[in-house]
Amino acid sequence: MKESRSAYRESTTPRALDIAVIGGGPAGCATAIALARRGFAVGMLEHSCYDTPRVGETLAPECRVPLAALDCLQRFENDGHLPSNGIASVWGEERLYENDFVFNPYGHGWHLDRCRFDAMLAHCAADAGAKVFAGTTARRCDAVSDGFEIEAERRRDDVLRLRSHLVVDATGRGSSPLPGAQRRVVYDKLVGLVGLVNAPSSQGDSRTLLEAVSEGWWYSAPLPGGKRVVAFMTDGDRLKGRRHDLSLLFMARLSDAPHTRERIGTLPEVESLRLVAASSYRQTSMHGERWLKVGDAACAYDPLSSAGMLRALQSGLDAATAIEGWFGGDTAALARYAARLEQRFSAYLGTRAFYYGREMRWPTSPFWQRRH
Ligand SMILES: Cc1cc2nc3c(=O)[nH]c(=O)nc-3n(C[C@H](O)[C@H](O)[C@H](O)COP(=O)(O)OP(=O)(O)OC[C@H]3O[C@@H](n4cnc5c(N)ncnc54)[C@H](O)[C@@H]3O)c2cc1C
């Protein structure tokens with residue numbers, strides 16, 4: 001992260017807010033920026049200081065639209081992320097299929113330094129007037145007569161207490177601090193074994209590579225700073241008893257993926273290897289009387305779609321419009337917002353089925369059977 005933590009506008013005194021946004025990923029930041037620009041008193045609590053690795057590195061060309069709407073596009077374009085010129089895939093057949101963004105009306109996409117991207121959005125939120133509390137984890141969120149009381153733990157070991165009329169849950173795949181049962185409809189058991197390898201970005205193909213294999217699929221993409229992200233996506237239950245040595249598992253599975261191997265070498269030195277959840281799901285409730293969910297906290301998309309960040313940014317913008325309506329007396333605004341998210345998610349489930357349906361080379365593999 002380029003800018004120091006002290007650049008955030010922070011305070012240790014309890015404060016009253018119109019809206020508390022819990023989580024400072026793309027969805028939380030987009031919500032905070034859009035609300036602060038509308039003149040609301042917004043506080044955004046973010047667990048990290050944007051200094052630990054994050055997954056989700058490819059930004060779709062269509063993200064130009066929400067970034068421009070948030071007035072962050074120029075700042076983002078000057079921030080040194082790598083242009084992504086398309087996707088090469090080995091999917092449904094052994095031949096490499098190339099889909100260049102040259103035909104995309106929005107132009108190229110990007111390979112991100114994800115920490116830098118999320119930190120840039122948090123700085124935009126602070127510049128728009130939101131109070132950004134980095135290194136702050138919301139632990140409790142208690143309903144009171146006119147909203148919520150939030151208790152958060154800070155890295156400096158002190159406790160921050162906030163009151164807000166409305167809470168936006170932007171905690172991603174993590175557990176929600178909102179009160180009451182938070183239930184998810186989960187559509188699969190997808191996990192990702194994600195690591196970094198050395199590969200100067202000037203070397204080789206700058207496109208994202210997708211490669212289907214019998215037990216799942218691989219993706220790899222260059223990142224700013226000379227690394228390449230490499231991930232093996234499979235079902236978590238297929239790894240049972242094999243999680244004790246992730247690098248052994250990674251190397252064993254790599255032998256099934258000749259195109260990925262060609263890019264990263266047969267015996268690459270893999271750094272920061274970790275197992276992350278990647279299932280598709282939606283919350284059974286995406287809003288309540290005084291709260292709503294945005295981004296992955298509401299519904300999560302298969303990384304195959306490369307749509308998670310686009311949906312997160314869009315949901316933040318839509319949430320801000322709904323919240324403005326709600327404060328203006330439109331009591332149905334939050335429900336309409338949630339209905340729109342549900343609609344988008346239903347459409348996504350159809351697209352997801354279509355793409356997995358195009359890979360029929362392993363009819364006896366449980367991973368593919370479950371998706372056909
Ligand atoms: C393996 C994998 C690969 C992916 N690849 C892509 C890709 O190439 N392109 C793409 O568009 N999408 C991709 N995605 C999806 C994308 O990363 C997510 O959709 C996106 O990050 C969602 O944004 P968000 O703001 O909703 O959640 P997040 O980015 O997860 O942000 C949530 C934030 O909330 C904070 N938080 C959590 N709990 C608390 C708390 N109690 N208090 C304070 N803060 C809290 C976290 O620290 C985090 O910063 C991928 C996902 C996975 C799993």
# chains A, B, ... in the order shown; residues from 1 in each chain; ligands from 1

$ residues_near_ligand --ligand "ligand 1" --cutoff "6 Å" --atoms "only C-alpha atoms and all ligand atoms" --output "PyMOL selection string"
chain A and resi 22-28+45-48+55-59+136-139+170-174+177+192+276-278+295-297+303+306-310+312

$ write_last_selection --atoms "C-alpha atoms" --output "PDB file, in the first residue's frame"
ATOM      1  CA  ILE A  22     -18.963  -2.746   7.890  1.00  0.00           C
ATOM      2  CA  GLY A  23     -16.243  -3.988   5.540  1.00  0.00           C
ATOM      3  CA  GLY A  24     -14.030  -1.940   3.231  1.00  0.00           C
ATOM      4  CA  GLY A  25     -13.697  -4.157   0.143  1.00  0.00           C
ATOM      5  CA  PRO A  26     -14.975  -2.932  -3.247  1.00  0.00           C
ATOM      6  CA  ALA A  27     -18.641  -3.192  -2.188  1.00  0.00           C
ATOM      7  CA  GLY A  28     -18.242  -1.357   1.130  1.00  0.00           C
ATOM      8  CA  LEU A  45     -15.010  -0.048   9.383  1.00  0.00           C
ATOM      9  CA  GLU A  46     -12.360  -2.243   7.782  1.00  0.00           C
ATOM     10  CA  HIS A  47     -10.717  -5.150   9.558  1.00  0.00           C
ATOM     11  CA  SER A  48      -7.401  -4.863   7.692  1.00  0.00           C
ATOM     12  CA  VAL A  55      -7.843 -12.803  -3.835  1.00  0.00           C
ATOM     13  CA  GLY A  56      -9.666 -11.613  -6.953  1.00  0.00           C
ATOM     14  CA  GLU A  57      -7.151  -9.995  -9.240  1.00  0.00           C
ATOM     15  CA  THR A  58      -8.781  -9.570 -12.644  1.00  0.00           C
ATOM     16  CA  LEU A  59     -10.982  -6.541 -13.135  1.00  0.00           C
ATOM     17  CA  THR A 136     -11.009  -2.039  12.984  1.00  0.00           C
ATOM     18  CA  THR A 137     -13.180  -5.152  13.306  1.00  0.00           C
ATOM     19  CA  ALA A 138     -16.901  -4.897  14.063  1.00  0.00           C
ATOM     20  CA  ARG A 139     -17.659  -7.493  16.746  1.00  0.00           C
ATOM     21  CA  ALA A 170     -20.121  -5.422   3.357  1.00  0.00           C
ATOM     22  CA  THR A 171     -18.145  -8.127   5.150  1.00  0.00           C
ATOM     23  CA  GLY A 172     -17.714 -10.317   2.066  1.00  0.00           C
ATOM     24  CA  ARG A 173     -17.608 -14.056   2.669  1.00  0.00           C
ATOM     25  CA  GLY A 174     -16.856 -13.529   6.365  1.00  0.00           C
ATOM     26  CA  PRO A 177     -21.880  -9.071  12.867  1.00  0.00           C
ATOM     27  CA  GLY A 192      -9.429 -22.302  -4.579  1.00  0.00           C
ATOM     28  CA  VAL A 276      -9.918 -19.999   0.028  1.00  0.00           C
ATOM     29  CA  ALA A 277     -13.675 -20.505  -0.152  1.00  0.00           C
ATOM     30  CA  ALA A 278     -15.144 -19.757  -3.576  1.00  0.00           C
ATOM     31  CA  GLY A 295     -21.269  -7.468  -2.555  1.00  0.00           C
ATOM     32  CA  ASP A 296     -20.254 -10.942  -1.426  1.00  0.00           C
ATOM     33  CA  ALA A 297     -22.067 -10.420   1.873  1.00  0.00           C
ATOM     34  CA  PRO A 303     -14.509 -16.784  -9.931  1.00  0.00           C
ATOM     35  CA  SER A 306     -14.743 -12.772 -13.206  1.00  0.00           C
ATOM     36  CA  ALA A 307     -17.786 -10.757 -12.140  1.00  0.00           C
ATOM     37  CA  GLY A 308     -17.402 -10.550  -8.347  1.00  0.00           C
ATOM     38  CA  MET A 309     -15.863  -7.083  -8.243  1.00  0.00           C
ATOM     39  CA  LEU A 310     -18.162  -5.703 -10.931  1.00  0.00           C
ATOM     40  CA  ALA A 312     -19.689  -5.639  -5.706  1.00  0.00           C
TER      41      ALA A 312
END

$ select_by_dssp --residues "region 31-266 of chain A" --states "helix (DSSP H, G or I)" --output "MDAnalysis selection string"
chainID A and resid 31:37 61:69 73:77 101:103 114:128 236:239 246:254 258:264

$ residues_around --residues "Ser206 (chain A)" --least-positions-apart "3" --cutoff "12 Å" --atoms "only C-alpha atoms" --output "MDAnalysis selection string"
chainID A and resid 58 82:88 100:101 108:111 199:203 209 220:224 226:229 263

$ write_last_selection --atoms "C-alpha atoms" --output "tab-separated table (two decimals), in the first residue's frame"
chain	number	residue	atom	x	y	z
A	58	THR	CA	-8.78	-9.57	-12.64
A	82	LEU	CA	-1.55	-4.11	-15.59
A	83	PRO	CA	-3.81	-4.00	-18.65
A	84	SER	CA	-5.43	-7.36	-19.35
A	85	ASN	CA	-5.97	-7.99	-23.02
A	86	GLY	CA	-8.29	-10.95	-22.85
A	87	ILE	CA	-8.81	-14.52	-21.78
A	88	ALA	CA	-7.29	-17.68	-23.23
A	100	ASP	CA	-9.43	-10.84	-26.92
A	101	PHE	CA	-10.91	-7.76	-25.30
A	108	HIS	CA	-9.25	-3.85	-21.93
A	109	GLY	CA	-9.54	-5.13	-18.36
A	110	TRP	CA	-6.85	-5.11	-15.66
A	111	HIS	CA	-4.73	-7.42	-13.55
A	199	ALA	CA	6.98	-14.37	-13.61
A	200	PRO	CA	7.96	-10.92	-14.81
A	201	SER	CA	4.89	-9.34	-16.38
A	202	SER	CA	6.86	-8.46	-19.49
A	203	GLN	CA	7.37	-12.17	-20.07
A	209	LEU	CA	-5.50	-18.44	-18.78
A	220	SER	CA	-3.42	-17.96	-13.92
A	221	ALA	CA	-2.73	-14.31	-14.63
A	222	PRO	CA	0.17	-11.86	-14.41
A	223	LEU	CA	0.13	-9.30	-11.60
A	224	PRO	CA	1.82	-5.91	-11.23
A	226	GLY	CA	6.42	-9.40	-11.58
A	227	LYS	CA	4.36	-12.15	-9.96
A	228	ARG	CA	1.72	-14.40	-11.46
A	229	VAL	CA	-1.30	-15.65	-9.54
A	263	ARG	CA	3.23	-20.77	-18.47

$ select_by_dssp --residues "region 19-86 of chain A" --states "strand (DSSP E)" --output "number ranges by chain"
A: 19-22, 42-46, 58-59, 82-84, 86

$ write_last_selection --atoms "C-alpha atoms" --output "PDB file, in the first residue's frame"
ATOM      1  CA  ILE A  19     -24.881   4.908   8.080  1.00  0.00           C
ATOM      2  CA  ALA A  20     -22.188   2.483   9.270  1.00  0.00           C
ATOM      3  CA  VAL A  21     -20.621   0.384   6.525  1.00  0.00           C
ATOM      4  CA  ILE A  22     -18.963  -2.746   7.890  1.00  0.00           C
ATOM      5  CA  VAL A  42     -20.881   7.653   6.864  1.00  0.00           C
ATOM      6  CA  GLY A  43     -18.393   5.570   8.814  1.00  0.00           C
ATOM      7  CA  MET A  44     -16.642   2.595   7.194  1.00  0.00           C
ATOM      8  CA  LEU A  45     -15.010  -0.048   9.383  1.00  0.00           C
ATOM      9  CA  GLU A  46     -12.360  -2.243   7.782  1.00  0.00           C
ATOM     10  CA  THR A  58      -8.781  -9.570 -12.644  1.00  0.00           C
ATOM     11  CA  LEU A  59     -10.982  -6.541 -13.135  1.00  0.00           C
ATOM     12  CA  LEU A  82      -1.553  -4.107 -15.592  1.00  0.00           C
ATOM     13  CA  PRO A  83      -3.808  -4.003 -18.649  1.00  0.00           C
ATOM     14  CA  SER A  84      -5.431  -7.357 -19.348  1.00  0.00           C
ATOM     15  CA  GLY A  86      -8.285 -10.951 -22.852  1.00  0.00           C
TER      16      GLY A  86
END

$ atom_distance --atom1 "CA of Ala257 (chain A)" --atom2 "CA of Gly225 (chain A)"
24.9 Å

$ residues_around --residues "Ala41 (chain A)" --least-positions-apart "2" --cutoff "9 Å" --atoms "only C-alpha atoms" --output "number ranges by chain"
A: 16-20, 35-36, 39, 43, 129-131

$ closest_residue --among "A:Tyr337, A:Trp217, A:Tyr301, A:Phe327" --to "Trp91 (chain A)" --atoms "only C-alpha atoms"
A:Trp217

$ closest_residue --among "A:Asp188, A:Glu98, A:Asp256, A:Glu262" --to "Glu215 (chain A)" --atoms "only C-alpha atoms"
A:Asp256

$ atom_distance --atom1 "CA of Glu359 (chain A)" --atom2 "CA of Phe103 (chain A)"
24.0 Å

$ closest_residue --among "A:Arg184, A:His81, A:His259, A:Gly135" --to "Asp113 (chain A)" --atoms "only C-alpha atoms"
A:His81

$ closest_residue --among "A:Val159, A:Ala122, A:Val294, A:Leu273" --to "Leu313 (chain A)" --atoms "only C-alpha atoms"
A:Val294

$ atom_distance --atom1 "CA of Gly265 (chain A)" --atom2 "CA of Val230 (chain A)"
11.5 Å

$ residues_around --residues "Ser272 (chain A)" --least-positions-apart "5" --cutoff "9 Å" --atoms "only C-alpha atoms" --output "list in words"
Pro53, Val194, Gly195 and Leu196 of chain A

$ closest_residue --among "A:Phe40, A:Tyr50, A:Leu73, A:Val65" --to "Ser164 (chain A)" --atoms "only C-alpha atoms"
A:Phe40

$ residues_around --residues "Ser214 (chain A)" --least-positions-apart "3" --cutoff "10 Å" --atoms "only C-alpha atoms" --output "PyMOL selection string"
chain A and resi 217+234+253+256-257+359-368

$ write_last_selection --atoms "C-alpha atoms" --output "compact mmCIF listing (two decimals), in the first residue's frame"
# COMPACT_ATOMS: atom_id res chain seq x y z
CA TRP A 217 -10.05 -25.96 -13.36
CA THR A 234 -11.99 -27.71 -7.07
CA ARG A 253 -2.73 -31.39 -9.69
CA ASP A 256 -2.92 -32.47 -15.24
CA ALA A 257 -2.73 -28.92 -16.65
CA GLU A 359 -17.12 -28.86 -20.53
CA MET A 360 -18.17 -32.50 -21.08
CA ARG A 361 -14.81 -34.26 -21.36
CA TRP A 362 -14.97 -35.98 -17.95
CA PRO A 363 -18.51 -37.40 -17.61
CA THR A 364 -17.55 -39.62 -14.63
CA SER A 365 -15.78 -36.91 -12.62
CA PRO A 366 -17.85 -35.88 -9.55
CA PHE A 367 -16.67 -32.26 -9.95
CA TRP A 368 -18.23 -32.00 -13.42
